[in-house]
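Engineer: My structure is in final.cif, and what it holds is mmCIF, C-alpha atoms:
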data_work
#
loop_
_atom_site.group_PDB
_atom_site.id
_atom_site.type_symbol
_atom_site.label_atom_id
_atom_site.label_comp_id
_atom_site.auth_asym_id
_atom_site.auth_seq_id
_atom_site.Cartn_x
_atom_site.Cartn_y
_atom_site.Cartn_z
ATOM 1 C CA MET A 1 -117.828 -189.725 -102.852
ATOM 2 C CA VAL A 2 -120.709 -189.908 -100.398
ATOM 3 C CA GLY A 3 -120.184 -188.059 -97.100
ATOM 4 C CA SER A 4 -116.931 -186.702 -95.849
ATOM 5 C CA THR A 5 -113.630 -188.446 -95.340
ATOM 6 C CA ARG A 6 -112.363 -187.738 -91.837
ATOM 7 C CA VAL A 7 -108.617 -187.248 -92.150
ATOM 8 C CA LEU A 8 -106.288 -186.983 -89.162
ATOM 9 C CA LEU A 9 -103.073 -185.089 -89.981
ATOM 10 C CA VAL A 10 -100.242 -185.697 -87.508
ATOM 11 C CA ASP A 11 -97.187 -183.467 -87.712
ATOM 12 C CA ASP A 12 -95.182 -181.866 -84.921
ATOM 13 C CA ASP A 13 -94.724 -178.704 -87.020
ATOM 14 C CA PRO A 14 -97.955 -176.698 -86.600
ATOM 15 C CA SER A 15 -97.279 -174.443 -89.589
ATOM 16 C CA LEU A 16 -96.716 -177.432 -91.890
ATOM 17 C CA ALA A 17 -99.784 -179.188 -90.494
ATOM 18 C CA ASP A 18 -101.866 -176.062 -91.172
ATOM 19 C CA LEU A 19 -100.432 -175.800 -94.686
ATOM 20 C CA MET A 20 -101.254 -179.463 -95.356
ATOM 21 C CA ALA A 21 -104.796 -179.025 -94.032
ATOM 22 C CA ASN A 22 -105.375 -175.896 -96.101
ATOM 23 C CA GLN A 23 -103.992 -177.431 -99.283
ATOM 24 C CA LEU A 24 -105.907 -180.696 -98.917
ATOM 25 C CA GLY A 25 -109.078 -178.887 -97.863
ATOM 26 C CA SER A 26 -108.917 -176.615 -100.897
ATOM 27 C CA LEU A 27 -108.532 -179.634 -103.182
ATOM 28 C CA ARG A 28 -111.293 -181.758 -101.639
ATOM 29 C CA ASP A 29 -114.491 -180.436 -100.108
ATOM 30 C CA SER A 30 -115.147 -184.010 -99.007
ATOM 31 C CA PHE A 31 -112.237 -183.965 -96.536
ATOM 32 C CA SER A 32 -112.974 -183.165 -92.900
ATOM 33 C CA ILE A 33 -109.502 -182.547 -91.511
ATOM 34 C CA ARG A 34 -108.329 -182.710 -87.922
ATOM 35 C CA ILE A 35 -104.788 -181.667 -87.013
ATOM 36 C CA GLU A 36 -102.781 -183.066 -84.128
ATOM 37 C CA THR A 37 -99.206 -181.946 -83.420
ATOM 38 C CA ASP A 38 -98.795 -184.393 -80.532
ATOM 39 C CA PRO A 39 -98.796 -188.096 -81.475
ATOM 40 C CA ASN A 40 -100.317 -189.022 -78.101
ATOM 41 C CA GLU A 41 -103.271 -186.732 -78.785
ATOM 42 C CA ALA A 42 -103.495 -188.274 -82.251
ATOM 43 C CA LEU A 43 -103.849 -191.693 -80.621
ATOM 44 C CA GLU A 44 -106.635 -190.345 -78.435
ATOM 45 C CA ALA A 45 -108.348 -189.016 -81.569
ATOM 46 C CA VAL A 46 -108.112 -192.419 -83.255
ATOM 47 C CA GLU A 47 -109.490 -194.097 -80.160
ATOM 48 C CA SER A 48 -112.346 -191.681 -79.486
ATOM 49 C CA ASP A 49 -113.278 -190.199 -82.869
ATOM 50 C CA ASP A 50 -114.335 -191.693 -86.119
ATOM 51 C CA ILE A 51 -111.201 -191.281 -88.206
ATOM 52 C CA ASP A 52 -111.188 -192.587 -91.772
ATOM 53 C CA CYS A 53 -107.512 -192.040 -92.597
ATOM 54 C CA VAL A 54 -104.358 -191.037 -90.724
ATOM 55 C CA VAL A 55 -101.629 -189.065 -92.495
ATOM 56 C CA SER A 56 -98.539 -188.843 -90.321
ATOM 57 C CA ASP A 57 -95.085 -187.365 -90.511
ATOM 58 C CA PHE A 58 -92.241 -189.749 -89.705
ATOM 59 C CA HIS A 59 -89.812 -187.545 -87.764
ATOM 60 C CA MET A 60 -91.443 -186.251 -84.583
ATOM 61 C CA PRO A 61 -89.769 -185.711 -81.211
ATOM 62 C CA GLN A 62 -92.225 -187.632 -79.000
ATOM 63 C CA MET A 63 -92.602 -190.705 -81.204
ATOM 64 C CA THR A 64 -91.858 -191.563 -84.784
ATOM 65 C CA GLY A 65 -94.545 -192.100 -87.378
ATOM 66 C CA LEU A 66 -93.729 -195.816 -87.264
ATOM 67 C CA GLU A 67 -94.312 -195.941 -83.521
ATOM 68 C CA LEU A 68 -97.596 -194.123 -84.041
ATOM 69 C CA LEU A 69 -98.488 -196.639 -86.756
ATOM 70 C CA ARG A 70 -97.839 -199.544 -84.375
ATOM 71 C CA TYR A 71 -100.178 -198.079 -81.755
ATOM 72 C CA VAL A 72 -102.850 -197.324 -84.356
ATOM 73 C CA ARG A 73 -102.619 -200.905 -85.661
ATOM 74 C CA GLU A 74 -103.275 -202.186 -82.125
ATOM 75 C CA MET A 75 -106.506 -200.155 -82.091
ATOM 76 C CA ASP A 76 -107.583 -200.754 -85.683
ATOM 77 C CA ALA A 77 -105.632 -203.142 -87.882
ATOM 78 C CA ASP A 78 -107.243 -201.882 -91.085
ATOM 79 C CA LEU A 79 -107.478 -198.097 -90.652
ATOM 80 C CA PRO A 80 -105.787 -196.398 -93.634
ATOM 81 C CA PHE A 81 -102.461 -194.925 -92.544
ATOM 82 C CA ILE A 82 -100.236 -192.877 -94.860
ATOM 83 C CA LEU A 83 -96.692 -192.119 -93.765
ATOM 84 C CA PHE A 84 -95.823 -188.731 -95.289
ATOM 85 C CA THR A 85 -92.210 -187.799 -94.691
ATOM 86 C CA ALA A 86 -89.484 -185.498 -95.985
ATOM 87 C CA ARG A 87 -86.537 -187.615 -94.891
ATOM 88 C CA GLY A 88 -87.605 -191.037 -96.026
ATOM 89 C CA SER A 89 -85.371 -193.899 -96.985
ATOM 90 C CA GLU A 90 -85.725 -197.407 -98.331
ATOM 91 C CA GLU A 91 -85.128 -198.714 -94.808
ATOM 92 C CA ILE A 92 -87.970 -196.603 -93.377
ATOM 93 C CA ALA A 93 -90.256 -197.538 -96.271
ATOM 94 C CA SER A 94 -89.475 -201.224 -95.816
ATOM 95 C CA GLU A 95 -90.093 -201.090 -92.081
ATOM 96 C CA ALA A 96 -93.316 -199.137 -92.643
ATOM 97 C CA VAL A 97 -94.586 -201.774 -95.063
ATOM 98 C CA SER A 98 -93.726 -204.575 -92.638
ATOM 99 C CA GLU A 99 -95.610 -202.698 -89.887
ATOM 100 C CA GLY A 100 -98.714 -202.466 -92.072
ATOM 101 C CA VAL A 101 -98.634 -198.942 -93.452
ATOM 102 C CA THR A 102 -101.281 -198.429 -96.129
ATOM 103 C CA ASP A 103 -99.190 -196.011 -98.171
ATOM 104 C CA TYR A 104 -95.809 -194.298 -97.980
ATOM 105 C CA PHE A 105 -95.236 -190.908 -99.575
ATOM 106 C CA ARG A 106 -92.178 -188.671 -99.606
ATOM 107 C CA LYS A 107 -92.773 -184.952 -99.260
ATOM 108 C CA ARG A 108 -91.748 -182.988 -102.322
ATOM 109 C CA ARG A 109 -91.543 -179.390 -103.304
ATOM 110 C CA GLY A 110 -94.355 -177.873 -105.261
ATOM 111 C CA ALA A 111 -98.117 -177.800 -105.271
ATOM 112 C CA GLU A 112 -98.501 -181.074 -107.162
ATOM 113 C CA GLN A 113 -97.608 -183.072 -104.034
ATOM 114 C CA TRP A 114 -100.895 -181.995 -102.436
ATOM 115 C CA GLN A 115 -102.900 -183.292 -105.376
ATOM 116 C CA VAL A 116 -101.012 -186.597 -105.234
ATOM 117 C CA LEU A 117 -101.568 -186.848 -101.470
ATOM 118 C CA ALA A 118 -105.290 -186.009 -101.842
ATOM 119 C CA ASN A 119 -105.613 -188.730 -104.487
ATOM 120 C CA ARG A 120 -103.847 -191.241 -102.266
ATOM 121 C CA ILE A 121 -106.111 -190.431 -99.323
ATOM 122 C CA GLU A 122 -109.181 -190.893 -101.516
ATOM 123 C CA ASN A 123 -107.850 -194.151 -102.949
ATOM 124 C CA VAL A 124 -106.878 -195.781 -99.649
ATOM 125 C CA TYR A 125 -110.162 -194.770 -98.053
ATOM 126 C CA ALA A 126 -112.202 -196.066 -101.008
ATOM 127 C CA ARG A 127 -110.340 -199.380 -100.792
ATOM 128 C CA TYR A 128 -110.927 -199.488 -97.016
ATOM 129 C CA ARG A 129 -114.674 -198.892 -97.491
ATOM 130 C CA ALA A 130 -114.858 -201.546 -100.217
ATOM 131 C CA GLU A 131 -113.063 -204.094 -98.021
ATOM 132 C CA GLU A 132 -115.403 -203.301 -95.125
ATOM 133 C CA ALA A 133 -118.412 -203.832 -97.428
ATOM 134 C CA VAL A 134 -117.039 -207.199 -98.549
ATOM 135 C CA GLN A 135 -116.505 -208.244 -94.922
ATOM 136 C CA ARG A 136 -120.069 -207.220 -94.021
ATOM 137 C CA ARG A 137 -121.456 -209.201 -96.968
ATOM 138 C CA GLU A 138 -119.372 -212.257 -96.085
ATOM 139 C CA ALA A 139 -120.572 -212.085 -92.480
ATOM 140 C CA ALA A 140 -124.183 -211.826 -93.660
ATOM 141 C CA LEU A 141 -123.703 -214.824 -95.965
ATOM 142 C CA ARG A 142 -122.169 -216.849 -93.126
ATOM 143 C CA ARG A 143 -125.152 -215.996 -90.898
ATOM 144 C CA LEU A 144 -127.553 -216.953 -93.688
ATOM 145 C CA ALA A 145 -125.724 -220.225 -94.342
ATOM 146 C CA ARG A 146 -125.752 -221.040 -90.619
ATOM 147 C CA THR A 147 -129.498 -220.323 -90.489
ATOM 148 C CA VAL A 148 -130.154 -222.559 -93.510
ATOM 149 C CA ILE A 149 -127.993 -225.356 -92.143
ATOM 150 C CA ASP A 150 -129.651 -225.123 -88.730
ATOM 151 C CA SER A 151 -133.148 -225.144 -90.196
ATOM 152 C CA VAL A 152 -132.438 -228.050 -92.537
ATOM 153 C CA SER A 153 -130.386 -230.203 -90.191
ATOM 154 C CA THR A 154 -133.044 -230.577 -87.517
ATOM 155 C CA PRO A 155 -135.772 -232.074 -89.745
ATOM 156 C CA VAL A 156 -133.245 -234.399 -91.434
ATOM 157 C CA GLU A 157 -132.153 -235.756 -88.074
ATOM 158 C CA GLU A 158 -135.769 -236.261 -87.057
ATOM 159 C CA MET A 159 -136.441 -238.108 -90.341
ATOM 160 C CA LEU A 160 -133.463 -240.372 -89.784
ATOM 161 C CA ASP A 161 -134.668 -241.188 -86.274
ATOM 162 C CA ARG A 162 -138.072 -242.083 -87.655
ATOM 163 C CA LEU A 163 -136.536 -244.271 -90.351
ATOM 164 C CA ARG A 164 -134.443 -246.098 -87.783
ATOM 165 C CA ALA A 165 -137.563 -246.743 -85.696
ATOM 166 C CA LEU A 166 -139.307 -248.536 -88.592
ATOM 167 C CA PRO A 167 -139.350 -252.368 -88.538
#
Before anything else, please render the file you have as structure tokens.
Structural biologist:
Amino acid sequence: MVGSTRVLLVDDDPSLADLMANQLGSLRDSFSIRIETDPNEALEAVESDDIDCVVSDFHMPQMTGLELLRYVREMDADLPFILFTARGSEEIASEAVSEGVTDYFRKRRGAEQWQVLANRIENVYARYRAEEAVQRREAALRRLARTVIDSVSTPVEEMLDRLRALP
């Protein structure tokens, strides 16, 4: 993967956030990880920094992960957002999907969860980059088509005017 993936970890438990950052950082040199234990500061980070993926806990005292997701979606509708929670349920997962979460992952015991989470971060960010590239190409094609149409339409109109002026 070219460059680093800027990951924002949001968890109100500083020791768990540090553990997550250390585990993910040891698995992927390409991750540049920022930790926020306050969801409001996480929102400021999303707004002011270039963040490529948000990984957030669900249960936090100031706001839930779903509330954080809603605010993030107002700022950037496409930014990858993974809800990573220990006390998940089908109801939370369903609500998260309806709110536009990119991925939902339940915390598990054991080291393998970090590998799974690292893979998910890589996958959602790769998909995000690919979708951005497609949107840039489509925009360029629309500009090109508009340029072609504009350049062709003027002479055709002039030719029609000339034809109409003939006896």
Engineer: Looking at all atoms listed in the file, which of A:Leu27, A:Leu69, A:Ala17, A:Ala96 is the one that sits closest to Val116 (chain A)?
Structural biologist: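 Using all atoms listed in the file, Val116 (chain A) sits closest to A:Leu27.
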Engineer: What is the CA of Asp12 (chain A)-CA of Ala45 (chain A) distance in Å, reported with one decimal?
Structural biologist: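 Separation between CA of Asp12 (chain A) and CA of Ala45 (chain A): 15.4 Å.
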Engineer: Could you please determine the separation between CA of Val7 (chain A) and CA of Glu138 (chain A) in Å, to one decimal place?
Structural biologist: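 Pair CA of Val7 (chain A) / CA of Glu138 (chain A) returns 27.5 Å.
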Engineer: Expand the PyMOL selection byres ((chain A and resi 11) around 9) into the individual residues it matches in the shown file, reporting them as a PyMOL selection string.
Structural biologist: chain A and resi 9-10+12-14+16-17+35-39+55-60
Engineer: Export, as a compact mmCIF listing (two decimals), in the coordinates of the input, the selected residues with C-alpha atoms.
Structural biologist:
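Just written: result_8.txt:
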# COMPACT_ATOMS: atom_id res chain seq x y z
CA LEU A 9 -103.07 -185.09 -89.98
CA VAL A 10 -100.24 -185.70 -87.51
CA ASP A 12 -95.18 -181.87 -84.92
CA ASP A 13 -94.72 -178.70 -87.02
CA PRO A 14 -97.96 -176.70 -86.60
CA LEU A 16 -96.72 -177.43 -91.89
CA ALA A 17 -99.78 -179.19 -90.49
CA ILE A 35 -104.79 -181.67 -87.01
CA GLU A 36 -102.78 -183.07 -84.13
CA THR A 37 -99.21 -181.95 -83.42
CA ASP A 38 -98.80 -184.39 -80.53
CA PRO A 39 -98.80 -188.10 -81.47
CA VAL A 55 -101.63 -189.06 -92.50
CA SER A 56 -98.54 -188.84 -90.32
CA ASP A 57 -95.08 -187.36 -90.51
CA PHE A 58 -92.24 -189.75 -89.70
CA HIS A 59 -89.81 -187.54 -87.76
CA MET A 60 -91.44 -186.25 -84.58
Engineer: Just how far from CA of Glu122 (chain A) is CA of Val134 (chain A), in Å to one decimal?
Structural biologist: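 So the answer is 18.3 Å.
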Engineer: Could you check which of A:Pro80, A:Asn22, A:Pro61, A:Met75 is closest to Ala126 (chain A), using only C-alpha atoms?
Structural biologist: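 Checking each of A:Pro80, A:Asn22, A:Pro61, A:Met75 against Ala126 (chain A), counting only C-alpha atoms, the winner is A:Pro80.
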Engineer: Name all residues at most 10 Å from Val101 (chain A) (count all atoms listed in the file; drop same-chain ones fewer than 4 positions away) and give them as a list in words.
Structural biologist: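 So the residues in contact are Leu66, Leu69, Arg70, Arg73, Ala77, Asp78, Leu79, Pro80, Phe81, Ile82, Leu83, Ala93, Ser94, Glu95, Ala96 and Val97 of chain A.
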Engineer: Give me the result of the PyMOL selection byres ((chain A and resi 28) around 12) on this file, residue by residue, as a list in words.
Structural biologist: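 What the PyMOL selection byres ((chain A and resi 28) around 12) grabs from the file is Met1, Gly3, Ser4, Thr5, Arg6, Val7, Ala21, Asn22, Gln23, Leu24, Gly25, Ser26, Leu27, Asp29, Ser30, Phe31, Ser32, Ile33, Trp114, Gln115, Val116, Leu117, Ala118, Asn119, Ile121 and Glu122 of chain A.
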Engineer: Give me a file of those residues, with C-alpha atoms, as a short mmCIF file (atom, residue, chain, number, x, y, z; two decimals), in the coordinates of the input.
Structural biologist:
data_model
loop_
_atom_site.label_atom_id
_atom_site.label_comp_id
_atom_site.auth_asym_id
_atom_site.auth_seq_id
_atom_site.Cartn_x
_atom_site.Cartn_y
_atom_site.Cartn_z
CA MET A 1 -117.83 -189.72 -102.85
CA GLY A 3 -120.18 -188.06 -97.10
CA SER A 4 -116.93 -186.70 -95.85
CA THR A 5 -113.63 -188.45 -95.34
CA ARG A 6 -112.36 -187.74 -91.84
CA VAL A 7 -108.62 -187.25 -92.15
CA ALA A 21 -104.80 -179.02 -94.03
CA ASN A 22 -105.38 -175.90 -96.10
CA GLN A 23 -103.99 -177.43 -99.28
CA LEU A 24 -105.91 -180.70 -98.92
CA GLY A 25 -109.08 -178.89 -97.86
CA SER A 26 -108.92 -176.62 -100.90
CA LEU A 27 -108.53 -179.63 -103.18
CA ASP A 29 -114.49 -180.44 -100.11
CA SER A 30 -115.15 -184.01 -99.01
CA PHE A 31 -112.24 -183.96 -96.54
CA SER A 32 -112.97 -183.16 -92.90
CA ILE A 33 -109.50 -182.55 -91.51
CA TRP A 114 -100.90 -182.00 -102.44
CA GLN A 115 -102.90 -183.29 -105.38
CA VAL A 116 -101.01 -186.60 -105.23
CA LEU A 117 -101.57 -186.85 -101.47
CA ALA A 118 -105.29 -186.01 -101.84
CA ASN A 119 -105.61 -188.73 -104.49
CA ILE A 121 -106.11 -190.43 -99.32
CA GLU A 122 -109.18 -190.89 -101.52
#
Engineer: Would you kindly place N, CA, C and O atoms on region 31-45 of chain A and return the model as a tab-separated table (two decimals), in the frame of the given file?
Structural biologist:
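Saved the output as part_19.tsv:
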chain	number	residue	atom	x	y	z
A	31	PHE	N	-113.13	-183.68	-97.65
A	31	PHE	CA	-112.24	-183.96	-96.54
A	31	PHE	C	-112.66	-183.14	-95.31
A	31	PHE	O	-112.81	-181.93	-95.39
A	32	SER	N	-112.80	-183.81	-94.19
A	32	SER	CA	-112.97	-183.16	-92.90
A	32	SER	C	-111.66	-183.42	-92.17
A	32	SER	O	-111.36	-184.57	-91.82
A	33	ILE	N	-110.89	-182.37	-91.97
A	33	ILE	CA	-109.50	-182.55	-91.51
A	33	ILE	C	-109.34	-182.13	-90.06
A	33	ILE	O	-109.76	-181.05	-89.65
A	34	ARG	N	-108.70	-182.99	-89.31
A	34	ARG	CA	-108.33	-182.71	-87.92
A	34	ARG	C	-106.81	-182.73	-87.85
A	34	ARG	O	-106.17	-183.64	-88.37
A	35	ILE	N	-106.24	-181.76	-87.17
A	35	ILE	CA	-104.79	-181.67	-87.01
A	35	ILE	C	-104.41	-182.01	-85.58
A	35	ILE	O	-105.04	-181.52	-84.64
A	36	GLU	N	-103.38	-182.81	-85.44
A	36	GLU	CA	-102.78	-183.07	-84.13
A	36	GLU	C	-101.27	-182.91	-84.28
A	36	GLU	O	-100.68	-183.49	-85.18
A	37	THR	N	-100.66	-182.12	-83.40
A	37	THR	CA	-99.21	-181.95	-83.42
A	37	THR	C	-98.52	-182.84	-82.39
A	37	THR	O	-97.30	-182.94	-82.39
A	38	ASP	N	-99.31	-183.48	-81.55
A	38	ASP	CA	-98.80	-184.39	-80.53
A	38	ASP	C	-99.29	-185.80	-80.87
A	38	ASP	O	-100.50	-186.05	-80.90
A	39	PRO	N	-98.38	-186.74	-81.12
A	39	PRO	CA	-98.80	-188.10	-81.47
A	39	PRO	C	-99.68	-188.77	-80.42
A	39	PRO	O	-100.56	-189.56	-80.76
A	40	ASN	N	-99.47	-188.44	-79.15
A	40	ASN	CA	-100.32	-189.02	-78.10
A	40	ASN	C	-101.76	-188.53	-78.22
A	40	ASN	O	-102.71	-189.29	-78.03
A	41	GLU	N	-101.92	-187.26	-78.56
A	41	GLU	CA	-103.27	-186.73	-78.78
A	41	GLU	C	-103.87	-187.33	-80.06
A	41	GLU	O	-105.08	-187.54	-80.15
A	42	ALA	N	-103.02	-187.61	-81.03
A	42	ALA	CA	-103.50	-188.27	-82.25
A	42	ALA	C	-104.05	-189.66	-81.92
A	42	ALA	O	-105.09	-190.06	-82.45
A	43	LEU	N	-103.37	-190.37	-81.04
A	43	LEU	CA	-103.85	-191.69	-80.62
A	43	LEU	C	-105.19	-191.59	-79.91
A	43	LEU	O	-106.09	-192.41	-80.13
A	44	GLU	N	-105.35	-190.56	-79.09
A	44	GLU	CA	-106.64	-190.34	-78.44
A	44	GLU	C	-107.72	-190.06	-79.47
A	44	GLU	O	-108.85	-190.54	-79.32
A	45	ALA	N	-107.38	-189.31	-80.51
A	45	ALA	CA	-108.35	-189.02	-81.57
A	45	ALA	C	-108.76	-190.29	-82.30
A	45	ALA	O	-109.94	-190.49	-82.60
